[in-house]
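S.K.: I'm passing along protein02.cif; it holds mmCIF, C-alpha atoms and all ligand atoms.
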data_entry
loop_
_atom_site.label_atom_id
_atom_site.label_comp_id
_atom_site.auth_asym_id
_atom_site.auth_seq_id
_atom_site.Cartn_x
_atom_site.Cartn_y
_atom_site.Cartn_z
CA MET A 26 16.46 8.68 -20.48
CA LYS A 27 13.64 9.07 -17.92
CA ASN A 28 10.87 9.38 -20.49
CA ILE A 29 8.29 7.03 -19.03
CA ARG A 30 5.56 8.72 -16.97
CA LEU A 31 4.68 6.48 -14.05
CA ILE A 32 1.69 6.54 -11.74
CA ALA A 33 1.74 5.15 -8.19
CA THR A 34 -1.92 4.73 -7.22
CA SER A 35 -2.90 5.62 -3.68
CA THR A 36 -5.59 4.85 -1.15
CA PHE A 37 -7.31 8.12 -0.24
CA GLY A 38 -5.25 9.88 2.43
CA LEU A 39 -1.86 8.28 1.72
CA GLU A 40 -0.78 10.56 -1.15
CA SER A 41 1.69 12.57 0.97
CA CYS A 42 3.34 9.38 2.30
CA ILE A 43 3.75 8.07 -1.25
CA LYS A 44 5.11 11.41 -2.47
CA ARG A 45 7.76 11.45 0.29
CA GLU A 46 8.64 7.86 -0.53
CA ALA A 47 9.01 8.69 -4.25
CA GLN A 48 11.39 11.50 -3.23
CA ARG A 49 13.40 9.16 -1.00
CA LEU A 50 13.69 6.68 -3.88
CA GLY A 51 15.09 9.43 -6.10
CA PHE A 52 12.30 9.61 -8.69
CA GLU A 53 12.06 12.77 -10.79
CA ASN A 54 9.38 15.32 -11.62
CA ILE A 55 7.05 14.10 -8.86
CA LYS A 56 3.50 15.45 -8.76
CA ALA A 57 0.75 14.52 -6.28
CA TYR A 58 -2.94 14.32 -7.18
CA ASP A 59 -5.97 12.88 -5.40
CA GLY A 60 -5.52 9.11 -5.47
CA ARG A 61 -2.18 9.04 -7.29
CA ILE A 62 1.41 10.27 -7.51
CA GLU A 63 3.07 10.72 -10.90
CA PHE A 64 6.79 10.74 -11.64
CA ASP A 65 9.24 10.22 -14.52
CA GLY A 66 11.31 7.09 -14.77
CA ASP A 67 12.92 4.48 -16.96
CA GLU A 68 12.68 0.68 -17.04
CA SER A 69 14.81 0.27 -13.92
CA ASP A 70 12.58 2.75 -12.05
CA ILE A 71 9.55 0.57 -12.85
CA VAL A 72 11.36 -2.32 -11.19
CA LYS A 73 12.51 -0.16 -8.26
CA ALA A 74 9.01 1.27 -7.67
CA ASN A 75 7.41 -2.19 -7.62
CA LEU A 76 10.05 -3.68 -5.34
CA TRP A 77 10.39 -0.78 -2.91
CA MET A 78 7.21 1.29 -2.65
CA ARG A 79 5.55 0.38 0.67
CA PHE A 80 2.40 2.52 0.56
CA ALA A 81 1.33 2.59 -3.12
CA SER A 82 -1.35 0.21 -4.43
CA LYS A 83 -0.05 -0.23 -8.00
CA ILE A 84 2.53 1.13 -10.43
CA LEU A 85 1.04 2.04 -13.81
CA ILE A 86 2.61 3.36 -17.01
CA LYS A 87 0.78 6.41 -18.29
CA ILE A 88 0.48 5.84 -22.02
CA GLY A 89 -1.56 8.96 -22.73
CA GLU A 90 -4.21 11.41 -21.61
CA PHE A 91 -6.74 13.31 -23.75
CA LYS A 92 -10.24 14.81 -23.74
CA ALA A 93 -12.90 12.29 -24.79
CA VAL A 94 -16.60 13.21 -24.86
CA THR A 95 -17.61 10.90 -27.72
CA PHE A 96 -16.82 7.27 -28.50
CA ASP A 97 -15.13 8.48 -31.72
CA SER A 98 -12.76 10.75 -29.80
CA LEU A 99 -12.00 7.92 -27.35
CA PHE A 100 -11.25 5.57 -30.27
CA GLU A 101 -9.08 8.04 -32.19
CA GLY A 102 -7.26 9.25 -29.06
CA THR A 103 -6.46 5.66 -28.05
CA LYS A 104 -5.37 4.66 -31.54
CA ALA A 105 -2.99 7.62 -31.73
CA LEU A 106 -0.95 6.26 -28.78
CA ASP A 107 2.10 4.05 -29.28
CA TRP A 108 0.92 0.74 -27.74
CA GLY A 109 3.54 -1.25 -29.63
CA GLU A 110 6.22 0.39 -27.49
CA TRP A 111 5.14 -1.99 -24.72
CA ILE A 112 2.79 -4.69 -26.04
CA THR A 113 4.49 -7.42 -28.03
CA VAL A 114 2.89 -9.25 -30.99
CA ASP A 115 2.01 -12.24 -28.77
CA GLY A 116 0.88 -10.04 -25.84
CA LYS A 117 -2.33 -10.93 -24.04
CA PHE A 118 -4.19 -7.79 -23.14
CA THR A 119 -7.36 -7.01 -21.29
CA VAL A 120 -8.97 -3.64 -20.73
CA THR A 121 -10.43 -2.50 -17.43
CA GLY A 122 -12.19 0.81 -16.91
CA LYS A 123 -13.80 3.38 -14.68
CA SER A 124 -15.73 6.58 -15.32
CA VAL A 125 -16.44 9.46 -12.94
CA LYS A 126 -18.33 12.67 -13.85
CA SER A 127 -17.89 12.04 -17.60
CA ALA A 128 -20.14 12.04 -20.66
CA LEU A 129 -18.83 8.55 -21.52
CA PHE A 130 -20.29 6.76 -18.52
CA SER A 131 -20.82 3.26 -19.91
CA VAL A 132 -17.63 1.53 -18.74
CA PRO A 133 -18.14 -1.73 -20.75
CA ASP A 134 -18.58 0.32 -23.97
CA CYS A 135 -15.44 2.37 -23.23
CA GLN A 136 -13.47 -0.84 -22.58
CA ALA A 137 -14.66 -2.37 -25.88
CA ILE A 138 -13.73 0.77 -27.84
CA VAL A 139 -10.29 0.98 -26.27
CA LYS A 140 -9.65 -2.70 -26.99
CA LYS A 141 -10.65 -2.23 -30.65
CA ALA A 142 -8.43 0.87 -31.00
CA VAL A 143 -5.42 -0.91 -29.46
CA VAL A 144 -5.95 -3.96 -31.71
CA ASP A 145 -6.16 -1.69 -34.80
CA LYS A 146 -2.96 0.10 -33.79
CA LEU A 147 -1.08 -3.14 -33.17
CA LYS A 148 -2.30 -4.64 -36.48
CA GLN A 149 -0.73 -1.66 -38.25
CA LYS A 150 2.53 -2.05 -36.34
CA TYR A 151 2.92 -5.83 -36.59
CA LYS A 152 1.21 -6.19 -40.00
CA VAL A 153 -0.94 -9.12 -38.89
CA ASP A 154 -4.72 -9.68 -38.90
CA TRP A 155 -4.99 -11.88 -35.85
CA PHE A 156 -3.39 -11.96 -32.39
CA ASP A 157 -3.05 -15.29 -30.56
CA GLU A 158 -2.53 -13.52 -27.21
CA THR A 159 -0.42 -16.36 -25.83
CA GLY A 160 2.37 -14.23 -24.34
CA ALA A 161 2.86 -11.90 -21.39
CA GLU A 162 -0.12 -10.14 -19.84
CA TYR A 163 -0.80 -6.42 -20.22
CA THR A 164 -3.73 -4.92 -18.33
CA ILE A 165 -4.79 -1.65 -19.90
CA GLN A 166 -6.98 0.73 -17.92
CA VAL A 167 -9.16 3.48 -19.34
CA ALA A 168 -10.00 5.92 -16.56
CA LEU A 169 -12.39 8.76 -17.37
CA LEU A 170 -12.55 11.70 -14.99
CA ASN A 171 -14.33 14.95 -15.92
CA ASP A 172 -14.23 13.90 -19.62
CA THR A 173 -10.45 13.32 -19.61
CA ALA A 174 -9.38 9.80 -20.53
CA THR A 175 -6.17 8.47 -18.95
CA LEU A 176 -4.81 5.32 -20.57
CA THR A 177 -2.41 3.20 -18.55
CA ILE A 178 -0.81 -0.25 -18.46
CA ASP A 179 -0.52 -1.97 -15.08
CA THR A 180 3.06 -3.09 -14.31
CA SER A 181 2.31 -4.63 -10.90
CA GLY A 182 -0.33 -7.31 -11.52
CA GLY A 183 -1.75 -8.03 -8.08
CA SER A 184 -1.99 -5.01 -5.77
CA LEU A 185 1.25 -4.10 -3.98
CA HIS A 186 -0.29 -4.75 -0.56
CA LYS A 187 0.15 -8.43 -1.41
CA ARG A 188 3.69 -8.86 -0.17
CA GLY A 189 3.63 -12.65 -0.24
CA TYR A 190 3.90 -13.27 3.52
CA ARG A 191 0.22 -13.10 4.47
CA GLU A 192 -1.55 -16.03 2.85
CA ASN A 193 -3.43 -16.40 6.11
CA ALA A 194 -5.30 -13.51 7.64
CA MET A 195 -7.87 -13.22 10.39
CA ASP A 196 -11.03 -11.16 10.39
CA ALA A 197 -10.77 -7.55 9.11
CA PRO A 198 -7.03 -7.55 8.38
CA LEU A 199 -5.38 -4.25 7.64
CA LYS A 200 -3.84 -3.89 4.18
CA GLU A 201 -0.06 -4.12 4.44
CA THR A 202 0.28 -0.78 2.57
CA MET A 203 -1.98 0.91 5.16
CA ALA A 204 -0.12 -0.67 8.12
CA ALA A 205 3.21 0.53 6.69
CA ALA A 206 1.81 4.05 6.19
CA MET A 207 0.48 4.14 9.78
CA ILE A 208 4.02 3.38 10.95
CA ASP A 209 5.48 5.99 8.62
CA LEU A 210 3.08 8.58 10.03
CA SER A 211 4.06 7.75 13.62
CA TYR A 212 7.09 8.81 15.71
CA TRP A 213 8.30 5.23 15.79
CA ARG A 214 11.94 4.65 14.89
CA LYS A 215 13.81 1.35 15.06
CA ASN A 216 15.43 2.24 18.42
CA ARG A 217 12.00 2.59 20.06
CA ILE A 218 9.61 -0.11 21.25
CA LEU A 219 6.57 -0.74 19.04
CA TYR A 220 3.51 -2.50 20.44
CA ASP A 221 0.19 -3.48 18.82
CA PRO A 222 -2.09 -4.86 21.60
CA MET A 223 -4.79 -6.00 19.10
CA CYS A 224 -2.49 -7.26 16.37
CA GLY A 225 -4.73 -9.89 14.69
CA SER A 226 -2.63 -11.54 11.95
CA GLY A 227 0.33 -9.32 12.87
CA THR A 228 0.37 -6.87 9.97
CA ILE A 229 1.50 -3.77 11.94
CA PRO A 230 4.38 -5.49 13.83
CA ILE A 231 5.52 -7.30 10.66
CA GLU A 232 5.53 -4.15 8.52
CA ALA A 233 7.46 -2.29 11.27
CA ALA A 234 10.07 -5.04 11.42
CA MET A 235 10.42 -5.01 7.62
CA ILE A 236 10.97 -1.23 7.71
CA ALA A 237 13.53 -1.56 10.52
CA ARG A 238 15.48 -4.21 8.63
CA ASN A 239 15.13 -2.40 5.30
CA ILE A 240 13.45 -5.40 3.67
CA ALA A 241 12.01 -4.40 0.27
CA PRO A 242 8.24 -5.02 0.49
CA GLY A 243 8.08 -6.64 -2.96
CA LEU A 244 11.00 -9.03 -2.52
CA ASN A 245 8.75 -12.05 -1.88
CA ARG A 246 6.40 -11.76 -4.85
CA SER A 247 6.24 -11.50 -8.63
CA PHE A 248 4.95 -8.69 -10.87
CA ALA A 249 3.12 -8.58 -14.23
CA CYS A 250 5.94 -6.69 -15.95
CA GLU A 251 8.56 -9.31 -15.07
CA GLU A 252 7.37 -11.17 -18.16
CA TRP A 253 7.57 -8.16 -20.47
CA GLU A 254 10.15 -8.13 -23.25
CA ARG A 255 10.89 -4.41 -22.86
CA ILE A 256 12.20 -4.81 -19.30
CA ASP A 257 15.38 -6.81 -19.45
CA LYS A 258 15.53 -9.75 -17.03
CA SER A 259 18.96 -8.55 -15.91
CA ILE A 260 17.37 -5.38 -14.44
CA TRP A 261 15.14 -7.52 -12.22
CA LYS A 262 18.02 -9.77 -11.24
CA GLN A 263 20.27 -6.88 -10.27
CA ALA A 264 17.52 -5.06 -8.36
CA ARG A 265 16.72 -8.20 -6.37
CA VAL A 266 20.38 -8.88 -5.59
CA GLU A 267 20.77 -5.28 -4.39
CA ALA A 268 17.58 -5.53 -2.31
CA TYR A 269 18.87 -8.70 -0.61
CA LYS A 270 22.19 -6.97 0.10
CA ALA A 271 20.34 -3.97 1.58
CA ILE A 272 18.67 -6.06 4.30
CA ASP A 273 20.17 -5.33 7.70
CA TYR A 274 19.77 -8.49 9.78
CA ASN A 275 21.87 -6.92 12.56
CA VAL A 276 18.97 -4.63 13.39
CA CYS A 277 16.83 -6.28 16.03
CA PRO A 278 14.12 -3.84 17.06
CA GLN A 279 11.87 -4.45 20.08
CA ILE A 280 8.48 -5.15 18.53
CA TYR A 281 5.53 -6.74 20.32
CA GLY A 282 2.08 -7.87 19.25
CA SER A 283 -0.70 -9.35 21.34
CA ASP A 284 -4.29 -10.36 20.78
CA ILE A 285 -7.02 -12.08 22.75
CA ASP A 286 -7.46 -14.62 19.95
CA GLU A 287 -5.12 -17.60 20.12
CA GLU A 288 -5.62 -18.50 16.45
CA ALA A 289 -4.77 -14.93 15.38
CA ILE A 290 -1.45 -15.15 17.25
CA ARG A 291 -0.66 -18.51 15.64
CA VAL A 292 -1.28 -16.96 12.19
CA ALA A 293 0.73 -13.82 13.09
CA LYS A 294 3.74 -15.96 14.05
CA GLU A 295 3.47 -17.92 10.81
CA ASN A 296 3.27 -14.70 8.76
CA ALA A 297 6.26 -13.16 10.57
CA GLU A 298 8.29 -16.26 9.79
CA LYS A 299 7.39 -16.03 6.09
CA ALA A 300 8.37 -12.34 6.10
CA GLY A 301 11.76 -13.18 7.66
CA VAL A 302 11.19 -11.13 10.82
CA ASP A 303 9.97 -13.70 13.37
CA ASP A 304 13.16 -13.32 15.43
CA CYS A 305 12.48 -9.67 16.22
CA ILE A 306 8.78 -9.77 17.12
CA GLU A 307 7.34 -11.24 20.29
CA PHE A 308 3.71 -12.27 19.85
CA MET A 309 1.56 -13.07 22.90
CA VAL A 310 -2.01 -14.22 23.56
CA LYS A 311 -3.25 -11.52 25.92
CA PRO A 312 -6.46 -9.55 26.43
CA LEU A 313 -6.10 -5.78 26.16
CA GLN A 314 -7.17 -5.51 29.80
CA GLU A 315 -3.85 -7.16 30.81
CA ALA A 316 -1.61 -5.25 28.41
CA GLU A 317 1.28 -3.15 29.80
CA LEU A 318 3.46 -0.41 28.34
CA MET A 319 6.94 -1.36 29.49
CA GLY A 320 10.04 0.74 28.91
CA ASP A 321 10.20 4.37 27.85
CA TYR A 322 9.30 6.28 24.69
CA GLY A 323 7.52 3.37 23.01
CA CYS A 324 4.84 3.67 20.35
CA MET A 325 1.53 1.86 20.47
CA VAL A 326 0.14 1.50 16.93
CA THR A 327 -3.14 -0.36 16.62
CA ASN A 328 -6.17 -1.16 14.50
CA PRO A 329 -8.90 -2.21 16.97
CA PRO A 330 -12.38 -3.47 16.05
CA TYR A 331 -14.61 -0.56 14.97
CA GLY A 332 -17.89 -1.70 16.52
CA GLU A 333 -19.68 -1.78 13.17
CA ARG A 334 -21.02 -5.29 13.61
CA LEU A 335 -24.37 -5.87 15.22
CA GLY A 336 -24.11 -6.31 18.99
CA GLU A 337 -20.42 -5.33 19.10
CA LEU A 338 -20.73 -1.62 19.96
CA LYS A 339 -20.84 -1.76 23.79
CA LYS A 340 -17.86 -4.13 23.90
CA VAL A 341 -15.86 -1.92 21.57
CA GLU A 342 -16.70 1.22 23.56
CA GLU A 343 -15.31 -0.50 26.66
CA LEU A 344 -12.23 -1.57 24.69
CA TYR A 345 -11.53 2.07 23.72
CA ARG A 346 -11.85 3.17 27.37
CA THR A 347 -9.35 0.43 28.32
CA LEU A 348 -7.01 1.61 25.54
CA GLY A 349 -7.12 5.17 26.95
CA LYS A 350 -6.38 3.91 30.48
CA LEU A 351 -3.47 1.85 29.13
CA MET A 352 -1.96 4.89 27.47
CA SER A 353 -2.23 6.95 30.68
CA THR A 354 -0.11 4.36 32.55
CA ASN A 355 3.05 5.49 30.76
CA PRO A 356 3.23 9.17 29.75
CA THR A 357 6.46 8.67 27.77
CA TRP A 358 4.66 6.58 25.15
CA SER A 359 2.96 7.82 21.95
CA SER A 360 -0.24 6.18 20.71
CA TYR A 361 -1.72 5.80 17.24
CA VAL A 362 -5.18 4.34 16.66
CA ILE A 363 -7.18 3.95 13.44
CA THR A 364 -10.96 3.69 13.80
CA SER A 365 -14.21 4.72 12.16
CA MET A 366 -15.84 5.53 15.51
CA GLU A 367 -16.62 9.24 15.52
CA TYR A 368 -16.61 9.68 19.31
CA PHE A 369 -13.41 7.70 19.83
CA GLU A 370 -11.57 10.55 21.64
CA LYS A 371 -14.39 10.79 24.20
CA LEU A 372 -14.04 7.12 25.09
CA PHE A 373 -10.24 7.20 24.95
CA GLY A 374 -10.34 10.16 27.35
CA LYS A 375 -7.98 12.46 25.47
CA LYS A 376 -8.03 14.75 22.46
CA ALA A 377 -5.67 13.65 19.71
CA ASP A 378 -2.67 15.84 18.86
CA ALA A 379 -3.33 15.11 15.18
CA LYS A 380 -5.99 13.34 13.13
CA ARG A 381 -5.81 12.17 9.53
CA LYS A 382 -8.66 10.94 7.35
CA LEU A 383 -7.89 7.58 5.78
CA PHE A 384 -9.96 5.00 3.94
CA ASN A 385 -9.43 1.53 5.31
CA ALA A 386 -11.00 -1.02 2.94
CA ARG A 387 -13.54 1.63 1.85
CA ILE A 388 -14.46 2.45 5.45
CA LYS A 389 -14.03 6.13 6.30
CA THR A 390 -11.71 6.23 9.29
CA ASP A 391 -9.56 8.67 11.27
CA TYR A 392 -6.01 7.97 12.32
CA TYR A 393 -5.72 9.42 15.84
CA GLN A 394 -2.23 10.42 16.92
CA PHE A 395 -1.31 11.09 20.56
CA TYR A 396 2.25 12.31 20.96
CA GLY A 397 4.40 11.49 23.96
CA PRO A 398 7.53 13.56 24.71
CA ARG A 399 10.56 13.39 22.48
CA PRO A 400 13.33 11.12 23.89
CA PRO A 401 16.40 13.06 25.15
CA LYS A 402 19.22 13.58 22.64
CA GLY A 403 21.29 10.43 22.09
CA TRP A 404 18.68 8.23 23.81
CA GLY A 405 18.62 4.61 22.62
CA GLU A 406 21.62 4.95 20.27
C1 LIG A 501 -9.47 -5.22 13.24
S1 LIG A 501 -8.73 -6.60 13.97
C2 LIG A 501 -6.99 -6.29 13.82
C3 LIG A 501 -6.49 -6.76 12.49
C4 LIG A 501 -4.98 -6.67 12.36
N1 LIG A 501 -4.54 -5.29 12.28
C5 LIG A 501 -4.54 -7.45 11.13
O1 LIG A 501 -4.01 -6.84 10.19
O2 LIG A 501 -4.78 -8.66 11.08
C6 LIG A 501 -8.99 -6.34 15.68
C7 LIG A 501 -8.36 -7.36 16.60
O3 LIG A 501 -8.67 -7.02 17.95
C8 LIG A 501 -8.71 -8.22 18.69
N2 LIG A 501 -9.40 -7.99 19.97
C9 LIG A 501 -10.72 -7.78 20.19
N3 LIG A 501 -10.95 -7.64 21.52
C10 LIG A 501 -9.76 -7.76 22.14
C11 LIG A 501 -9.35 -7.70 23.50
N4 LIG A 501 -10.21 -7.50 24.49
N5 LIG A 501 -8.04 -7.85 23.78
C12 LIG A 501 -7.14 -8.06 22.81
N6 LIG A 501 -7.47 -8.15 21.50
C13 LIG A 501 -8.77 -7.98 21.16
C14 LIG A 501 -9.43 -9.19 17.76
O4 LIG A 501 -9.16 -10.52 18.12
C15 LIG A 501 -8.86 -8.78 16.40
O5 LIG A 501 -7.78 -9.60 16.03
#
What would the structure in this file look like if it were written as structure tokens?
Ligand SMILES: C[S@@+](CC[C@H](N)C(=O)[O-])C[C@H]1O[C@@H](n2cnc3c(N)ncnc32)[C@H](O)[C@@H]1O
M.R.:
Amino acid sequence: MKNIRLIATSTFGLESCIKREAQRLGFENIKAYDGRIEFDGDESDIVKANLWMRFASKILIKIGEFKAVTFDSLFEGTKALDWGEWITVDGKFTVTGKSVKSALFSVPDCQAIVKKAVVDKLKQKYKVDWFDETGAEYTIQVALLNDTATLTIDTSGGSLHKRGYRENAMDAPLKETMAAAMIDLSYWRKNRILYDPMCGSGTIPIEAAMIARNIAPGLNRSFACEEWERIDKSIWKQARVEAYKAIDYNVCPQIYGSDIDEEAIRVAKENAEKAGVDDCIEFMVKPLQEAELMGDYGCMVTNPPYGERLGELKKVEELYRTLGKLMSTNPTWSSYVITSMEYFEKLFGKKADAKRKLFNARIKTDYYQFYGPRPPKGWGE
């Protein structure tokens, strides 16, 4: 029975991508809110969501939600929930918290009260006075918004952008979840060329190659709930076996990445190898000024420097002009650029066909989308 309410947390601006992904994965009763998507699932859906969701930050179990304007109501509301359904007698649990526009604004106090209420509830269930907390980890979160407390347990552990292939990153790397969403929001399909001319540690090309080959983003990492008693190890095993079988190594898309920085390209190659996609990406050391858009109907997807560092602005303005000139050399291409620079279109020399507000590592940015023509029917098949 799908009686577990799950939350996929979202970076601001990616909610619609996550909602579409939840639909593609077959989840039920999907609802989108600011910063999160909720859906119903069972234990195998928790595993599926962690292994397969490319754009979400974390998968949480919603244990309960109630009004809480006093510490007493927070305590009683928390204690009324069935924590023993998930947390075992040896479970190690910590409580994190946040509070926005709520009477209960002291987060450390809220955390302490929730911890006490959960301990009281578990003492009743397990009939013990003391918990050793030597077992699996359960991170509870109390999130207060407009006086409503939402109590969750984190199934993911580390954020889902940590795929396991990027131990090394250069300056200002893009989160893998954001790179994957930028690709999802573009016209790029695996039969088209993809090029990132300022690829840094290679996140955009690598995520595109993983999408093309249908590599589950979580296949190379572990998750907090893998250690939980309630989720049978056989569910994980089967989901991983199926994910390995789903990889299509016959797909060899044309993906390119270049950067002026030699060290960045070395790291990008290393990361692509770890992700299992090094054979379908060509990385080159090349300044943007020498970049070319070869072939037809390609997509340039890039995350250039934003010019926010002291002394960098003039250089970055010139870079954006160069980017615009590059795009005009091949009118069949589409271009996608994320930046915080408000007058980007002026420098680029063209008004974007679409713009989307996104937060990249807490920086308010726009994702500028310039559409080339659609390829003719049957092209590239
Ligand atoms: C924001 S970082 C890109 C980060 C990348 N998306 C990642 O995830 O690692 C911008 C990149 O632009 C590169 N860059 C700056 N000026 C360049 C130029 N003239 N030509 C090519 N690359 C340049 C920098 O070396 C840097 O790697």
S.K.: Would you pick out the contacts of range 198-211 of chain A at 8 Å or less, using only C-alpha atoms, so that residues sharing its chain but fewer than 4 positions from it are not included, and give the list as a PyMOL selection string?
M.R.: chain A and resi 39+42+79-82+185-188+194+225-226+228-229+232-233+324+326+328+361+385-386+392+394
S.K.: Restricted to C-alpha atoms, what would the selected residues look like written as a PDB file, in the frame of the given file?
M.R.:
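selection.pdb written:
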ATOM      1  CA  LEU A  39      -1.860   8.280   1.720  1.00  0.00           C
ATOM      2  CA  CYS A  42       3.340   9.380   2.300  1.00  0.00           C
ATOM      3  CA  ARG A  79       5.550   0.380   0.670  1.00  0.00           C
ATOM      4  CA  PHE A  80       2.400   2.520   0.560  1.00  0.00           C
ATOM      5  CA  ALA A  81       1.330   2.590  -3.120  1.00  0.00           C
ATOM      6  CA  SER A  82      -1.350   0.210  -4.430  1.00  0.00           C
ATOM      7  CA  LEU A 185       1.250  -4.100  -3.980  1.00  0.00           C
ATOM      8  CA  HIS A 186      -0.290  -4.750  -0.560  1.00  0.00           C
ATOM      9  CA  LYS A 187       0.150  -8.430  -1.410  1.00  0.00           C
ATOM     10  CA  ARG A 188       3.690  -8.860  -0.170  1.00  0.00           C
ATOM     11  CA  ALA A 194      -5.300 -13.510   7.640  1.00  0.00           C
ATOM     12  CA  GLY A 225      -4.730  -9.890  14.690  1.00  0.00           C
ATOM     13  CA  SER A 226      -2.630 -11.540  11.950  1.00  0.00           C
ATOM     14  CA  THR A 228       0.370  -6.870   9.970  1.00  0.00           C
ATOM     15  CA  ILE A 229       1.500  -3.770  11.940  1.00  0.00           C
ATOM     16  CA  GLU A 232       5.530  -4.150   8.520  1.00  0.00           C
ATOM     17  CA  ALA A 233       7.460  -2.290  11.270  1.00  0.00           C
ATOM     18  CA  CYS A 324       4.840   3.670  20.350  1.00  0.00           C
ATOM     19  CA  VAL A 326       0.140   1.500  16.930  1.00  0.00           C
ATOM     20  CA  ASN A 328      -6.170  -1.160  14.500  1.00  0.00           C
ATOM     21  CA  TYR A 361      -1.720   5.800  17.240  1.00  0.00           C
ATOM     22  CA  ASN A 385      -9.430   1.530   5.310  1.00  0.00           C
ATOM     23  CA  ALA A 386     -11.000  -1.020   2.940  1.00  0.00           C
ATOM     24  CA  TYR A 392      -6.010   7.970  12.320  1.00  0.00           C
ATOM     25  CA  GLN A 394      -2.230  10.420  16.920  1.00  0.00           C
TER      26      GLN A 394
END
S.K.: Check the smallest atom-to-atom distance from each of A:Glu46, A:Asp67, A:Asp97, A:Glu158 to Gly116 in chain A using all atoms listed in the file, then report the winner.
M.R.: A:Glu158
S.K.: Show me, as a ChimeraX atom specification, the residues that have an atom within 12 Å of Leu170 in chain A when counting only C-alpha atoms, minus same-chain residues fewer than 4 positions from it.
M.R.: /A:59,90-94,122-130,132,174-176
S.K.: Quick one: write out the picked residues with C-alpha atoms as a compact mmCIF listing (two decimals), in the coordinates of the input?
M.R.:
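That gives us selection_39.txt:
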# COMPACT_ATOMS: atom_id res chain seq x y z
CA ASP A 59 -5.97 12.88 -5.40
CA GLU A 90 -4.21 11.41 -21.61
CA PHE A 91 -6.74 13.31 -23.75
CA LYS A 92 -10.24 14.81 -23.74
CA ALA A 93 -12.90 12.29 -24.79
CA VAL A 94 -16.60 13.21 -24.86
CA GLY A 122 -12.19 0.81 -16.91
CA LYS A 123 -13.80 3.38 -14.68
CA SER A 124 -15.73 6.58 -15.32
CA VAL A 125 -16.44 9.46 -12.94
CA LYS A 126 -18.33 12.67 -13.85
CA SER A 127 -17.89 12.04 -17.60
CA ALA A 128 -20.14 12.04 -20.66
CA LEU A 129 -18.83 8.55 -21.52
CA PHE A 130 -20.29 6.76 -18.52
CA VAL A 132 -17.63 1.53 -18.74
CA ALA A 174 -9.38 9.80 -20.53
CA THR A 175 -6.17 8.47 -18.95
CA LEU A 176 -4.81 5.32 -20.57
S.K.: Kindly give the distance, in Å, that separates CA of Leu244 in chain A and CA of Leu383 in chain A, rounded to a single decimal.
M.R.: 26.5 Å
S.K.: Would you mind reading off the distance between CA of Trp155 in chain A and CA of Ala249 in chain A, one decimal, in Å?
M.R.: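 Between CA of Trp155 in chain A and CA of Ala249 in chain A the gap is 23.3 Å.
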S.K.: Write out as a PyMOL selection string the residues lying within 12 Å of Ala137 in chain A, counting all atoms listed in the file and excluding same-chain residues fewer than 3 positions away.
M.R.: chain A and resi 96+99-100+103+119-122+131-134+140-144+165-167
S.K.: Counting all atoms listed in the file, what residues are within 9 Å of ligand LIG 501 (chain A), given as a ChimeraX atom specification?
M.R.: /A:194-201,204,221-229,283-290,293,310-316,327-331,340-341,343-344,347
S.K.: Between A:Trp108, A:Tyr396, A:Phe52, A:Tyr220, which is the closest to Ala33 in chain A once you count all atoms listed in the file?
M.R.: A:Phe52
S.K.: Taking all atoms of range 88-101 of chain A that the file lists and extending 8 Å past them on each side, where is the centre of the axis-aligned box and how long are its edges? Answer in Å to one decimal, as AutoDock Vina command-line options.
M.R.:
--center_x -8.6 --center_y 10.2 --center_z -26.9 --size_x 34.1 --size_y 25.2 --size_z 26.6
S.K.: Report, in Å to a single decimal, how far apart CA of Ile363 in chain A and CA of Thr390 in chain A are.
M.R.: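 Here the two named atoms are 6.6 Å from each other.
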S.K.: Counting all atoms listed in the file, select every polymer residue within 8 Å of (16.4, 7.9, -20.8) as defined in the file's coordinates, and provide the selection as a PyMOL selection string.
M.R.: chain A and resi 26-28+66-67
S.K.: So, counting only C-alpha atoms, which residue among A:Asp115, A:Glu267, A:Asp172, A:Glu298 is closest to Glu252 in chain A?
M.R.: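 Closest residue, counting only C-alpha atoms: A:Asp115.
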S.K.: Counting only C-alpha atoms, which of A:Glu317, A:Asp179, A:Glu110, A:Glu192 gets nearest to Leu147 in chain A?
M.R.: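 The shortest atom-to-atom distance to Leu147 in chain A comes from A:Glu110.
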S.K.: Of the candidates A:Ile84, A:Ala271, A:Val139, A:Cys277, which shows the shortest atom-to-atom distance to Ile29 in chain A, using only C-alpha atoms?
M.R.: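 Once distances to Ile29 in chain A are computed over only C-alpha atoms, the minimum belongs to A:Ile84.
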S.K.: With distances taken over only C-alpha atoms, which residue among A:Tyr212, A:Ile306, A:Asn193, A:Gly38 lies nearest Lys382 in chain A?
M.R.: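 Of all the options, A:Gly38 lies closest to Lys382 in chain A.
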